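Note sheet for the following structure.
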Amino acid sequence: MLNVPQSFPSAESQQRVTASGQSRSKVALKPGHSLLDWIRLTKSGRDLTGLKGRLVEVTDDELKKHNSRNDCWTCIRGMVYNISAYMDFHPGGEAELMRAAGIDSTDLFDQVHRWVNYESMLKECLVGRMASNPIPVIQEKTEKMESTNLNGLSIPQPTTLEPLAAPLPTKDHRPRYDWFQTDDTLNIIVYTKRKIPSCGCAVVDLQDDTLRVEMLLGKMSYLLHWRLFSEVQECVDVQTAHSVGKVQVCLRKSVKVKWAQVGQPLEHHDSFIQCKDRGLFYRKCVLVSKTEVTHNTQVFCFQLPSVSCVQVPVGRHIYLKTSVQGTDVVKPYTPVDQTLMSPIQSSAENGSYIHLMIKVYPDGVLSPHITNLPTGATLLIGGPEGSFTPRILREVTHLYLLAAGTGFTPMARLIRLALQDFNLIKKTKLMFFNRQESDILWRSQLDELCTKEKRFQVEYVLSEHIDSWEGRKGRIDAQNLHDFLERPENSKCLVCVCGPTGFTELAVQLIRNLGFSEEEIHAFLG
């Protein structure tokens, strides 16, 4: 790290505080370069990093190379940002911002801008994380205990990276964690080392004195697991900085005492393995409402306990488990949001409620049982699980969705994700197969979305239709798909399929016959 100037800002800087203590003056910005204009720019879809959405590890030598007006990188608390585009928007002027060019500017930033939420302002400028030199674990922990005490409290060390016992590989994708405390709270911070989708990735459960924190990162699962050092209140708070890949879990202490450690590590603590190898964990949830969707389908809303937060990633399913006539019955369901395009944070992102769209089969085992449950009844929800990851959408320009019946459920949140988070996707098209018109789920919401969003299109296909039906007719076949699955020049396509097993198997085979590769097909299997 380079030496920090003794005087910052410099004496001639327009940011310098006057002797009377008045706040620093600002540079007059050009028209169209206000903070609101900057926010609009960051939401425009323009690549502000020059890396097309990739996150990279940056060495000291690489950081130093990017030190010019039009190629300006800087590091704040271990994260590297390309601030070239921000030059004309900086209230302190270009000259002051250039002082941070090509260096770790954490100390410079803290002297003037410590109150600024840079993680939010520069989230679209994130280049990646600084590569760090490993330090022996024992030595680091000793130093940390000596340097993080302030007035009897343990505080975070924002510029210190967690050491590793072995040298870092060329690219270290393994998450790490840190913790700090105040008089009232215990805070655990997980650095996932990748961007987190808007739907979140955290699954937190506090049961008695045991804390379980899991991060669902694509096909991988990172788990922290402790028996806590002391008692905490029955509530958890989870905050996510999506663009920098940071998750903070806050627990409130029952007694204001200083903790020597988070607690005793339990089985699989600090492990990073494939999701499929991680066992299911269940928590008891309460049925709070039922909403009719069609004549045989309802949305059931379940509230998680106050000591749990389950952020279900798009395309993942959960498991309902309950006892029916003395036998445990388990079945997977894919959560949906309250509505197709909820204007507020979705329930799946919030982590405190789970909405399930369930078709009731009169001769089924679990669905009639759930239908007959009164509000206030409890059952167990496990997971989430699933192999889908939003990463496969990064370069997609045309997204095609084939759904039959309640196979629509994973598509519902996928539609929202594609339209809100992936500007590169030019067209999202849903072909929705049902028996009768009255079976179409959320039809009015789908039709409304078509009129409002030019990038979305839906086609309904009925196998049992009345004479006045003007939409597609029949079942899934080669001709239907040939007309539906367009492949424009220079496009990158992805076809997602979900429905009954027979439907899914036939659809995948037909898609292959049309020349789509395995990488262009994803089948949701429950």
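Simple scheme: letters A, B, ... for chains in structure tokens order, numbers from 1 for residues in each chain, numbers from 1 for ligands in the order shown.
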**Message:** I'd like the neighbourhood of range 42-55 of chain A as a PyMOL selection string, where a residue qualifies if any of its atoms comes within 7 Å (using only C-alpha atoms), though same-chain residues fewer than 3 positions away should be ignored.
**Reply:** chain A and resi 38-39+82+85+124-128+423
What would the file look like if the residues just selected were written as a short mmCIF file (atom, residue, chain, number, x, y, z; two decimals), in the first residue's frame with all heavy atoms?
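So out-v9.cif came out as:
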```cif
data_model
loop_
_atom_site.label_atom_id
_atom_site.label_comp_id
_atom_site.auth_asym_id
_atom_site.auth_seq_id
_atom_site.Cartn_x
_atom_site.Cartn_y
_atom_site.Cartn_z
N TRP A 38 -26.14 10.61 -12.62
CA TRP A 38 -25.23 9.48 -12.44
C TRP A 38 -26.02 8.20 -12.16
O TRP A 38 -25.70 7.13 -12.70
CB TRP A 38 -24.26 9.76 -11.29
CG TRP A 38 -23.43 8.56 -10.91
CD1 TRP A 38 -23.54 7.82 -9.78
CD2 TRP A 38 -22.39 7.97 -11.69
NE1 TRP A 38 -22.63 6.79 -9.79
CE2 TRP A 38 -21.92 6.86 -10.95
CE3 TRP A 38 -21.81 8.26 -12.92
CZ2 TRP A 38 -20.89 6.04 -11.42
CZ3 TRP A 38 -20.79 7.44 -13.39
CH2 TRP A 38 -20.33 6.35 -12.65
N ILE A 39 -27.04 8.31 -11.33
CA ILE A 39 -27.87 7.14 -11.03
C ILE A 39 -28.52 6.61 -12.31
O ILE A 39 -28.59 5.41 -12.55
CB ILE A 39 -28.92 7.49 -9.97
CG1 ILE A 39 -28.23 7.80 -8.63
CG2 ILE A 39 -29.94 6.37 -9.80
CD1 ILE A 39 -29.16 8.34 -7.57
N ASN A 82 -13.61 0.91 -11.43
CA ASN A 82 -13.22 1.75 -12.57
C ASN A 82 -14.02 3.04 -12.47
O ASN A 82 -15.21 3.06 -12.77
CB ASN A 82 -13.51 1.03 -13.89
CG ASN A 82 -13.03 1.81 -15.10
OD1 ASN A 82 -12.76 3.00 -15.01
ND2 ASN A 82 -12.95 1.15 -16.24
N ALA A 85 -15.70 6.78 -15.65
CA ALA A 85 -16.96 7.39 -16.06
C ALA A 85 -17.49 8.38 -15.02
O ALA A 85 -18.33 9.23 -15.33
CB ALA A 85 -18.00 6.30 -16.30
N GLU A 124 -21.98 -0.35 -10.25
CA GLU A 124 -21.83 -0.73 -11.65
C GLU A 124 -20.42 -0.49 -12.17
O GLU A 124 -20.12 -0.79 -13.33
CB GLU A 124 -22.84 0.04 -12.51
CG GLU A 124 -24.29 -0.25 -12.16
CD GLU A 124 -24.65 -1.72 -12.27
OE1 GLU A 124 -24.07 -2.40 -13.14
OE2 GLU A 124 -25.48 -2.20 -11.48
N CYS A 125 -19.55 0.04 -11.31
CA CYS A 125 -18.15 0.30 -11.70
C CYS A 125 -17.21 -0.76 -11.13
O CYS A 125 -15.99 -0.66 -11.29
CB CYS A 125 -17.70 1.67 -11.21
SG CYS A 125 -18.70 3.04 -11.83
N LEU A 126 -17.77 -1.76 -10.44
CA LEU A 126 -16.94 -2.75 -9.75
C LEU A 126 -16.18 -3.62 -10.74
O LEU A 126 -16.75 -4.30 -11.58
CB LEU A 126 -17.82 -3.63 -8.85
CG LEU A 126 -17.06 -4.70 -8.05
CD1 LEU A 126 -16.16 -4.03 -7.02
CD2 LEU A 126 -18.05 -5.64 -7.37
N VAL A 127 -14.85 -3.60 -10.61
CA VAL A 127 -13.97 -4.41 -11.44
C VAL A 127 -13.73 -5.77 -10.81
O VAL A 127 -13.72 -6.79 -11.48
CB VAL A 127 -12.62 -3.68 -11.64
CG1 VAL A 127 -11.59 -4.59 -12.30
CG2 VAL A 127 -12.84 -2.42 -12.47
N GLY A 128 -13.53 -5.80 -9.50
CA GLY A 128 -13.28 -7.06 -8.80
C GLY A 128 -12.62 -6.81 -7.47
O GLY A 128 -12.71 -5.73 -6.89
N ASN A 423 -30.41 -6.52 -19.06
CA ASN A 423 -30.75 -5.63 -20.18
C ASN A 423 -30.32 -6.19 -21.52
O ASN A 423 -30.83 -5.78 -22.57
CB ASN A 423 -30.10 -4.26 -19.96
CG ASN A 423 -30.68 -3.53 -18.77
OD1 ASN A 423 -31.86 -3.66 -18.46
ND2 ASN A 423 -29.85 -2.77 -18.08
#
```
**Message:** I need the strand (DSSP E) residues of range 12-121 of chain A per DSSP on the backbone, written as a PyMOL selection string.
**Reply:** chain A and resi 56-58+67-68+71-76+79-82
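Between CA of Ser342 in chain A and CA of Tyr361 in chain A there is a distance of 28.1 Å.
Across the structure, CA of Asp421 in chain A and CA of Tyr400 in chain A are spaced 16.4 Å apart.
Around range 197-213 of chain A, within 7 Å and counting only C-alpha atoms, the residues found are A:Leu223, A:Leu224, A:His225, A:Trp226, A:Arg227, A:Leu228, A:Glu231, A:His242, A:Val307, A:Ser308, A:Cys309, A:Val310, A:Gln311, A:Val312, A:Pro313, A:Val314, A:Ala348, A:Glu349, once anything fewer than 6 positions away on its own chain is removed.
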Output file for the residues above (C-alpha atoms, as a PDB file, in the first residue's frame):
```pdb
ATOM      1  CA  LEU A 223     -21.779 -22.908   5.271  1.00  0.00           C
ATOM      2  CA  LEU A 224     -20.992 -21.332   8.653  1.00  0.00           C
ATOM      3  CA  HIS A 225     -22.191 -23.289  11.687  1.00  0.00           C
ATOM      4  CA  TRP A 226     -21.720 -22.441  15.375  1.00  0.00           C
ATOM      5  CA  ARG A 227     -23.008 -23.107  18.835  1.00  0.00           C
ATOM      6  CA  LEU A 228     -23.135 -19.477  19.937  1.00  0.00           C
ATOM      7  CA  GLU A 231     -27.646 -16.040  24.251  1.00  0.00           C
ATOM      8  CA  HIS A 242     -25.413  -7.301  -4.167  1.00  0.00           C
ATOM      9  CA  VAL A 307     -35.061 -16.538  13.684  1.00  0.00           C
ATOM     10  CA  SER A 308     -34.867 -17.576  10.008  1.00  0.00           C
ATOM     11  CA  CYS A 309     -34.225 -15.815   6.711  1.00  0.00           C
ATOM     12  CA  VAL A 310     -34.526 -17.873   3.523  1.00  0.00           C
ATOM     13  CA  GLN A 311     -33.729 -16.035   0.284  1.00  0.00           C
ATOM     14  CA  VAL A 312     -34.732 -18.477  -2.445  1.00  0.00           C
ATOM     15  CA  PRO A 313     -32.645 -17.968  -5.617  1.00  0.00           C
ATOM     16  CA  VAL A 314     -34.586 -17.852  -8.887  1.00  0.00           C
ATOM     17  CA  ALA A 348     -38.388 -14.615  -1.897  1.00  0.00           C
ATOM     18  CA  GLU A 349     -35.814 -11.787  -1.730  1.00  0.00           C
TER      19      GLU A 349
END
```
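Interatomic distance, CA of Gly326 in chain A to CA of Pro305 in chain A: 24.4 Å.
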**Request:** Extract the full set of helix (DSSP H, G or I) residues from range 187-378 of chain A according to DSSP on the backbone, and format it as a ChimeraX atom specification.
**Result:** /A:242-244,275-277,347-350,366-371
Output file for the residues above (N, CA and C atoms, as an mmCIF file, in the first residue's frame):
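Done, and the output landed in part-v3.cif:
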```
data_model
loop_
_atom_site.group_PDB
_atom_site.id
_atom_site.type_symbol
_atom_site.label_atom_id
_atom_site.label_comp_id
_atom_site.auth_asym_id
_atom_site.auth_seq_id
_atom_site.Cartn_x
_atom_site.Cartn_y
_atom_site.Cartn_z
ATOM 1 N N HIS A 242 -25.407 -6.387 -3.030
ATOM 2 C CA HIS A 242 -25.413 -7.301 -4.167
ATOM 3 C C HIS A 242 -24.216 -7.112 -5.084
ATOM 4 N N SER A 243 -23.873 -5.868 -5.398
ATOM 5 C CA SER A 243 -22.843 -5.628 -6.409
ATOM 6 C C SER A 243 -21.451 -6.022 -5.943
ATOM 7 N N VAL A 244 -21.204 -5.967 -4.636
ATOM 8 C CA VAL A 244 -19.875 -6.322 -4.124
ATOM 9 C C VAL A 244 -19.855 -7.715 -3.498
ATOM 10 N N CYS A 275 -23.838 -27.827 -3.863
ATOM 11 C CA CYS A 275 -25.152 -27.806 -3.205
ATOM 12 C C CYS A 275 -25.746 -29.204 -3.098
ATOM 13 N N LYS A 276 -25.536 -30.011 -4.121
ATOM 14 C CA LYS A 276 -26.145 -31.343 -4.142
ATOM 15 C C LYS A 276 -25.594 -32.241 -3.031
ATOM 16 N N ASP A 277 -24.431 -31.879 -2.496
ATOM 17 C CA ASP A 277 -23.824 -32.670 -1.427
ATOM 18 C C ASP A 277 -24.177 -32.151 -0.035
ATOM 19 N N SER A 347 -41.145 -11.495 -1.926
ATOM 20 C CA SER A 347 -41.097 -12.262 -0.686
ATOM 21 C C SER A 347 -39.893 -13.183 -0.662
ATOM 22 N N ALA A 348 -39.530 -13.715 -1.841
ATOM 23 C CA ALA A 348 -38.388 -14.615 -1.897
ATOM 24 C C ALA A 348 -37.083 -13.873 -1.615
ATOM 25 N N GLU A 349 -37.002 -12.586 -1.995
ATOM 26 C CA GLU A 349 -35.814 -11.787 -1.730
ATOM 27 C C GLU A 349 -35.778 -11.361 -0.270
ATOM 28 N N ASN A 350 -36.946 -11.035 0.286
ATOM 29 C CA ASN A 350 -37.044 -10.576 1.670
ATOM 30 C C ASN A 350 -36.620 -11.658 2.650
ATOM 31 N N LEU A 366 -50.484 -34.811 -0.662
ATOM 32 C CA LEU A 366 -50.087 -33.600 0.057
ATOM 33 C C LEU A 366 -50.973 -32.401 -0.255
ATOM 34 N N SER A 367 -51.329 -32.190 -1.535
ATOM 35 C CA SER A 367 -52.071 -30.969 -1.886
ATOM 36 C C SER A 367 -53.447 -30.888 -1.215
ATOM 37 N N PRO A 368 -54.244 -31.972 -1.123
ATOM 38 C CA PRO A 368 -55.508 -31.853 -0.378
ATOM 39 C C PRO A 368 -55.283 -31.570 1.107
ATOM 40 N N HIS A 369 -54.213 -32.143 1.642
ATOM 41 C CA HIS A 369 -53.903 -31.923 3.061
ATOM 42 C C HIS A 369 -53.600 -30.441 3.311
ATOM 43 N N ILE A 370 -52.786 -29.842 2.429
ATOM 44 C CA ILE A 370 -52.443 -28.430 2.594
ATOM 45 C C ILE A 370 -53.676 -27.551 2.430
ATOM 46 N N THR A 371 -54.512 -27.890 1.458
ATOM 47 C CA THR A 371 -55.731 -27.109 1.218
ATOM 48 C C THR A 371 -56.632 -27.086 2.432
#
```
**Message:** Report as a list in words all protein, DNA and RNA residues lying within 7 Å of range 97-106 of chain A, evaluated on only C-alpha atoms, omitting residues in the same chain fewer than 5 positions from it.
**Reply:** Met1, Leu63, Lys64, Lys65, His66, Asn67, Ser68, Cys72, Trp73, Thr74, Cys75, Ile76, Arg77 and Met87 of chain A
